[in-house]
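Q: Next comes final_30.pdb, PDB, C-alpha atoms:
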```pdb
ATOM      1  CA  LEU A   1       2.816   2.454   3.975  1.00  0.00           C
ATOM      2  CA  ASN A   2       1.876   5.357   1.734  1.00  0.00           C
ATOM      3  CA  ARG A   3       1.923   3.106  -1.304  1.00  0.00           C
ATOM      4  CA  LEU A   4      -0.172   0.493   0.479  1.00  0.00           C
ATOM      5  CA  MET A   5      -2.714   3.127   1.502  1.00  0.00           C
ATOM      6  CA  PHE A   6      -2.959   4.297  -2.083  1.00  0.00           C
ATOM      7  CA  ILE A   7      -3.436   0.722  -3.279  1.00  0.00           C
ATOM      8  CA  TYR A   8      -6.214   0.190  -0.726  1.00  0.00           C
ATOM      9  CA  PHE A   9      -8.168   2.952  -2.458  1.00  0.00           C
ATOM     10  CA  VAL A  10      -7.534   1.475  -5.884  1.00  0.00           C
ATOM     11  CA  GLN A  11      -8.480  -2.062  -4.841  1.00  0.00           C
ATOM     12  CA  THR A  12     -11.712  -0.746  -3.290  1.00  0.00           C
ATOM     13  CA  LYS A  13     -12.974  -0.009  -6.790  1.00  0.00           C
ATOM     14  CA  GLY A  14     -11.761  -3.341  -8.164  1.00  0.00           C
ATOM     15  CA  PHE A  15      -9.140  -1.701 -10.389  1.00  0.00           C
ATOM     16  CA  LEU A  16      -6.511  -4.294  -9.439  1.00  0.00           C
ATOM     17  CA  ASN A  17      -7.282  -7.454 -11.376  1.00  0.00           C
ATOM     18  CA  GLY A  18     -10.970  -6.998 -10.513  1.00  0.00           C
ATOM     19  CA  ASP A  19     -10.249  -8.010  -6.911  1.00  0.00           C
ATOM     20  CA  HIS A  20     -11.571  -5.887  -4.039  1.00  0.00           C
ATOM     21  CA  ASP A  21      -9.203  -7.703  -1.665  1.00  0.00           C
ATOM     22  CA  TYR A  22      -6.249  -7.744  -4.062  1.00  0.00           C
ATOM     23  CA  LEU A  23      -3.404  -7.351  -1.556  1.00  0.00           C
ATOM     24  CA  ARG A  24      -4.590 -10.169   0.707  1.00  0.00           C
ATOM     25  CA  THR A  25      -5.230 -12.392  -2.315  1.00  0.00           C
ATOM     26  CA  LYS A  26      -1.716 -11.780  -3.626  1.00  0.00           C
ATOM     27  CA  LEU A  27      -0.187 -12.326  -0.188  1.00  0.00           C
ATOM     28  CA  ALA A  28      -1.920 -15.719   0.041  1.00  0.00           C
ATOM     29  CA  GLU A  29      -0.850 -16.606  -3.515  1.00  0.00           C
ATOM     30  CA  CYS A  30       2.739 -15.661  -2.733  1.00  0.00           C
ATOM     31  CA  GLN A  31       2.776 -17.791   0.398  1.00  0.00           C
ATOM     32  CA  LEU A  32       1.241 -20.741  -1.451  1.00  0.00           C
ATOM     33  CA  ARG A  33       3.703 -20.421  -4.344  1.00  0.00           C
ATOM     34  CA  LEU A  34       6.782 -20.136  -2.145  1.00  0.00           C
ATOM     35  CA  GLY A  35       5.807 -22.918   0.232  1.00  0.00           C
ATOM     36  CA  GLN A  36       5.342 -23.474   3.927  1.00  0.00           C
ATOM     37  CA  ASP A  37       7.491 -21.372   6.284  1.00  0.00           C
ATOM     38  CA  GLN A  38       8.703 -19.151   3.446  1.00  0.00           C
ATOM     39  CA  PHE A  39       6.704 -16.164   4.614  1.00  0.00           C
ATOM     40  CA  HIS A  40       9.291 -13.449   4.265  1.00  0.00           C
ATOM     41  CA  ASP A  41       9.148 -12.774   0.588  1.00  0.00           C
ATOM     42  CA  PHE A  42       5.880 -10.972  -0.199  1.00  0.00           C
ATOM     43  CA  TYR A  43       7.692  -7.646  -0.025  1.00  0.00           C
ATOM     44  CA  ARG A  44      10.447  -8.575  -2.484  1.00  0.00           C
ATOM     45  CA  SER A  45       8.840 -11.140  -4.738  1.00  0.00           C
ATOM     46  CA  PHE A  46       5.515  -9.356  -5.135  1.00  0.00           C
ATOM     47  CA  LEU A  47       5.184  -5.817  -3.766  1.00  0.00           C
ATOM     48  CA  MET A  48       8.377  -4.419  -5.252  1.00  0.00           C
ATOM     49  CA  VAL A  49       7.505  -5.947  -8.615  1.00  0.00           C
ATOM     50  CA  LEU A  50       3.955  -4.565  -8.400  1.00  0.00           C
ATOM     51  CA  PHE A  51       5.172  -1.100  -7.433  1.00  0.00           C
ATOM     52  CA  HIS A  52       8.076  -0.687  -9.843  1.00  0.00           C
ATOM     53  CA  ASP A  53       6.959  -2.734 -12.829  1.00  0.00           C
ATOM     54  CA  GLY A  54       3.223  -3.316 -12.543  1.00  0.00           C
ATOM     55  CA  LEU A  55       1.840   0.066 -11.512  1.00  0.00           C
ATOM     56  CA  ASN A  56       4.758   2.190 -12.691  1.00  0.00           C
ATOM     57  CA  LYS A  57       4.721   0.974 -16.310  1.00  0.00           C
ATOM     58  CA  ARG A  58       2.087   1.056 -19.012  1.00  0.00           C
ATOM     59  CA  PRO A  59       0.213  -2.253 -19.509  1.00  0.00           C
ATOM     60  CA  GLU A  60       1.647  -2.639 -23.008  1.00  0.00           C
ATOM     61  CA  GLU A  61       5.116  -2.755 -21.389  1.00  0.00           C
ATOM     62  CA  HIS A  62       4.140  -5.688 -19.132  1.00  0.00           C
ATOM     63  CA  THR A  63       5.727  -9.027 -19.926  1.00  0.00           C
ATOM     64  CA  GLN A  64       3.635 -12.184 -19.752  1.00  0.00           C
ATOM     65  CA  GLU A  65       5.532 -13.169 -16.610  1.00  0.00           C
ATOM     66  CA  LEU A  66       4.573  -9.865 -14.975  1.00  0.00           C
ATOM     67  CA  LYS A  67       0.937 -10.244 -16.043  1.00  0.00           C
ATOM     68  CA  ASP A  68       0.894 -13.757 -14.571  1.00  0.00           C
ATOM     69  CA  LEU A  69       2.205 -12.404 -11.264  1.00  0.00           C
ATOM     70  CA  VAL A  70       0.263  -9.150 -10.780  1.00  0.00           C
ATOM     71  CA  GLY A  71      -2.746  -9.657 -13.042  1.00  0.00           C
ATOM     72  CA  LYS A  72      -4.418  -6.766 -14.783  1.00  0.00           C
ATOM     73  CA  VAL A  73      -3.323  -3.536 -13.101  1.00  0.00           C
ATOM     74  CA  PRO A  74      -3.463   0.071 -14.289  1.00  0.00           C
ATOM     75  CA  TYR A  75      -0.571   2.403 -14.985  1.00  0.00           C
ATOM     76  CA  LEU A  76      -0.496   4.897 -12.123  1.00  0.00           C
ATOM     77  CA  ASN A  77       1.812   7.695 -13.149  1.00  0.00           C
ATOM     78  CA  GLY A  78       2.788  10.267 -10.563  1.00  0.00           C
ATOM     79  CA  GLY A  79       5.989   9.103  -8.936  1.00  0.00           C
ATOM     80  CA  ILE A  80       4.625   7.262  -5.911  1.00  0.00           C
ATOM     81  CA  PHE A  81       5.746   3.929  -7.385  1.00  0.00           C
ATOM     82  CA  ASP A  82       9.162   5.083  -8.613  1.00  0.00           C
ATOM     83  CA  ILE A  83      12.163   3.453  -6.994  1.00  0.00           C
ATOM     84  CA  HIS A  84      12.709   5.368  -3.760  1.00  0.00           C
ATOM     85  CA  LYS A  85      16.128   6.508  -2.607  1.00  0.00           C
ATOM     86  CA  ILE A  86      15.882   4.156   0.386  1.00  0.00           C
ATOM     87  CA  GLU A  87      15.207   1.248  -1.979  1.00  0.00           C
ATOM     88  CA  GLU A  88      18.185   2.210  -4.133  1.00  0.00           C
ATOM     89  CA  THR A  89      20.504   2.395  -1.140  1.00  0.00           C
ATOM     90  CA  TYR A  90      19.229  -0.391   1.113  1.00  0.00           C
ATOM     91  CA  GLY A  91      16.985  -2.495  -1.160  1.00  0.00           C
ATOM     92  CA  ASP A  92      18.937  -5.721  -0.717  1.00  0.00           C
ATOM     93  CA  ASP A  93      18.913  -5.328   3.065  1.00  0.00           C
ATOM     94  CA  ILE A  94      15.201  -4.603   3.479  1.00  0.00           C
ATOM     95  CA  ASP A  95      13.466  -7.691   4.841  1.00  0.00           C
ATOM     96  CA  ILE A  96       9.849  -7.385   5.955  1.00  0.00           C
ATOM     97  CA  PRO A  97       8.116 -10.531   7.195  1.00  0.00           C
ATOM     98  CA  ASP A  98       4.741 -11.328   5.681  1.00  0.00           C
ATOM     99  CA  ASP A  99       3.010 -11.206   9.059  1.00  0.00           C
ATOM    100  CA  ALA A 100       3.813  -7.478   9.188  1.00  0.00           C
ATOM    101  CA  PHE A 101       1.670  -7.045   6.074  1.00  0.00           C
ATOM    102  CA  GLU A 102      -1.085  -9.168   7.574  1.00  0.00           C
ATOM    103  CA  LYS A 103      -1.147  -6.793  10.558  1.00  0.00           C
ATOM    104  CA  ILE A 104      -1.147  -3.725   8.303  1.00  0.00           C
ATOM    105  CA  PHE A 105      -4.025  -5.154   6.250  1.00  0.00           C
ATOM    106  CA  ASP A 106      -5.934  -5.945   9.451  1.00  0.00           C
ATOM    107  CA  PHE A 107      -5.434  -2.357  10.588  1.00  0.00           C
ATOM    108  CA  PHE A 108      -6.480  -0.925   7.201  1.00  0.00           C
ATOM    109  CA  ASP A 109      -9.538  -3.188   7.172  1.00  0.00           C
ATOM    110  CA  GLY A 110     -10.754  -1.381  10.277  1.00  0.00           C
ATOM    111  CA  TYR A 111     -11.502   1.620   8.047  1.00  0.00           C
ATOM    112  CA  ARG A 112     -13.982   2.145   5.246  1.00  0.00           C
ATOM    113  CA  TRP A 113     -12.140   3.158   2.087  1.00  0.00           C
ATOM    114  CA  HIS A 114     -14.145   5.026  -0.528  1.00  0.00           C
ATOM    115  CA  LEU A 115     -13.273   7.096  -3.554  1.00  0.00           C
ATOM    116  CA  ASP A 116     -15.937   9.759  -3.378  1.00  0.00           C
ATOM    117  CA  ASP A 117     -16.393  12.940  -1.401  1.00  0.00           C
ATOM    118  CA  ARG A 118     -19.194  11.821   0.913  1.00  0.00           C
ATOM    119  CA  PRO A 119     -18.866  13.317   4.394  1.00  0.00           C
ATOM    120  CA  ILE A 120     -17.135  11.232   7.010  1.00  0.00           C
ATOM    121  CA  VAL A 121     -19.900   9.961   9.268  1.00  0.00           C
ATOM    122  CA  GLN A 122     -18.551   7.088  11.317  1.00  0.00           C
ATOM    123  CA  GLY A 123     -15.051   8.328  12.060  1.00  0.00           C
ATOM    124  CA  ASN A 124     -13.438   5.258  10.501  1.00  0.00           C
ATOM    125  CA  GLU A 125     -13.696   6.339   6.887  1.00  0.00           C
ATOM    126  CA  ILE A 126     -10.810   7.187   4.624  1.00  0.00           C
ATOM    127  CA  ASN A 127     -11.579   9.253   1.518  1.00  0.00           C
ATOM    128  CA  PRO A 128      -9.394  11.066  -1.044  1.00  0.00           C
ATOM    129  CA  ASP A 129      -9.349  14.236   1.069  1.00  0.00           C
ATOM    130  CA  VAL A 130      -7.872  12.332   4.011  1.00  0.00           C
ATOM    131  CA  LEU A 131      -5.337  10.547   1.827  1.00  0.00           C
ATOM    132  CA  GLY A 132      -4.385  13.793   0.072  1.00  0.00           C
ATOM    133  CA  TYR A 133      -3.827  15.493   3.409  1.00  0.00           C
ATOM    134  CA  ILE A 134      -1.642  12.618   4.589  1.00  0.00           C
ATOM    135  CA  PHE A 135       0.421  12.694   1.401  1.00  0.00           C
ATOM    136  CA  GLU A 136       0.877  16.452   1.596  1.00  0.00           C
ATOM    137  CA  LYS A 137       1.804  16.578   5.283  1.00  0.00           C
ATOM    138  CA  TYR A 138       3.815  13.422   5.797  1.00  0.00           C
ATOM    139  CA  ILE A 139       5.547  12.610   2.532  1.00  0.00           C
ATOM    140  CA  ASN A 140       7.342  15.953   2.305  1.00  0.00           C
ATOM    141  CA  GLN A 141       5.893  16.649  -1.123  1.00  0.00           C
ATOM    142  CA  LYS A 142       5.859  20.366  -0.340  1.00  0.00           C
ATOM    143  CA  GLN A 143       9.593  20.409  -0.950  1.00  0.00           C
ATOM    144  CA  MET A 144       8.848  19.267  -4.477  1.00  0.00           C
ATOM    145  CA  GLY A 145       6.122  21.878  -4.962  1.00  0.00           C
ATOM    146  CA  ALA A 146       3.272  19.351  -4.793  1.00  0.00           C
ATOM    147  CA  TYR A 147       0.112  20.132  -2.881  1.00  0.00           C
ATOM    148  CA  TYR A 148      -3.162  18.280  -2.604  1.00  0.00           C
ATOM    149  CA  THR A 149      -6.097  20.242  -3.975  1.00  0.00           C
ATOM    150  CA  LYS A 150      -9.635  19.099  -3.231  1.00  0.00           C
ATOM    151  CA  GLU A 151     -11.805  18.499  -6.299  1.00  0.00           C
ATOM    152  CA  ASP A 152     -14.235  21.321  -5.465  1.00  0.00           C
ATOM    153  CA  ASP A 153     -11.298  23.765  -5.362  1.00  0.00           C
ATOM    154  CA  VAL A 154     -10.177  22.919  -8.899  1.00  0.00           C
ATOM    155  CA  TRP A 155     -11.840  25.012 -11.655  1.00  0.00           C
TER     156      TRP A 155
END
```
Rewrite the structure of this file - the entire thing - as structure tokens.

A:
Amino acid sequence: LNRLMFIYFVQTKGFLNGDHDYLRTKLAECQLRLGQDQFHDFYRSFLMVLFHDGLNKRPEEHTQELKDLVGKVPYLNGGIFDIHKIEETYGDDIDIPDDAFEKIFDFFDGYRWHLDDRPIVQGNEINPDVLGYIFEKYINQKQMGAYYTKEDDVW
């Protein structure tokens, strides 16, 4: 979920293949490619590839096959897209149906995602301060010595 939230910010600016609705587009492409009633593979056939190979490697390291699958995506260094311990241990057993992602995207679409520091006015806005707070509090990054620092606090 943390990775998907991060990607929602990035797609808002069109940084993922120029598509402001990148995740839904790729979900639909995956379902079309795999065929009718094969809606349990977005997680494995697309998201894990996007996370570990697409966003976690420099574009010059992308194979043509990867480019064909994920499109033009940036290298997002920082560890969030590294293979997680849970994925190492249970990766073959993790099975998430595509409709779970549809529900997550529906939920996320109920919020306004923006990458600037405008004040939250409507109560349904997610900005970098909110995301940074979530990452700091709920991902246990403090154990690793990582803290979110607002832009106006950095000088």

Q: For Leu27 (chain A), find every residue with an atom within 10 Å (counting all atoms listed in the file), except residues of its own chain fewer than 2 positions away, and show them as a PyMOL selection string.

A: chain A and resi 22-25+29-33+39+41-43+46-47+98-99+101-102

Q: Selection in question (the file shown): the PyMOL selection byres ((chain A and resi 73) around 7). Which residues does it include, as a list of chain:residue names?

A: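 This file gives the following for the PyMOL selection byres ((chain A and resi 73) around 7): A:Phe15, A:Leu16, A:Asn17, A:Gly54, A:Leu55, A:Gly71, A:Lys72, A:Pro74, A:Tyr75.
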
Q: Name the residues in contact with Ile83 (chain A) at a cut-off of 10 Å, using only C-alpha atoms, excluding same-chain residues fewer than 2 positions from it; report them as an MDAnalysis selection string.

A: chainID A and resid 48 51:53 56 79:81 85:88 91

Q: Using only C-alpha atoms, find the one residue out of A:Lys26, A:Asp95, A:Phe108, A:Asp82 that sits nearest to Asp68 (chain A).

A: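 Under the stated criterion, the closest residue is A:Lys26.
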
Q: Once 4 Å is added on each side, what centre and edge lengths in Å to one decimal does the axis-aligned box around all listed atoms of region 51-63 of chain A have, as lines of an AutoDock Vina configuration file?

A:
```
center_x = 4.1
center_y = -3.4
center_z = -15.2
size_x = 15.9
size_y = 19.2
size_z = 23.6
```

Q: When you draw a straight line from CA of Glu61 (chain A) to CA of Phe105 (chain A), how long is it in Å?

A: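 According to the coordinates, CA of Glu61 (chain A) and CA of Phe105 (chain A) are separated by 29.2 Å.
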
Q: Calculate how many Å separate CA of Val70 (chain A) from CA of Gly110 (chain A), rounding to one decimal.

A: 25.0 Å

Q: Under the rule that all atoms listed in the file are counted, which of A:Arg44, A:His20, A:His84, A:Lys67 is the nearest residue to Asp109 (chain A)?

A: A:His20
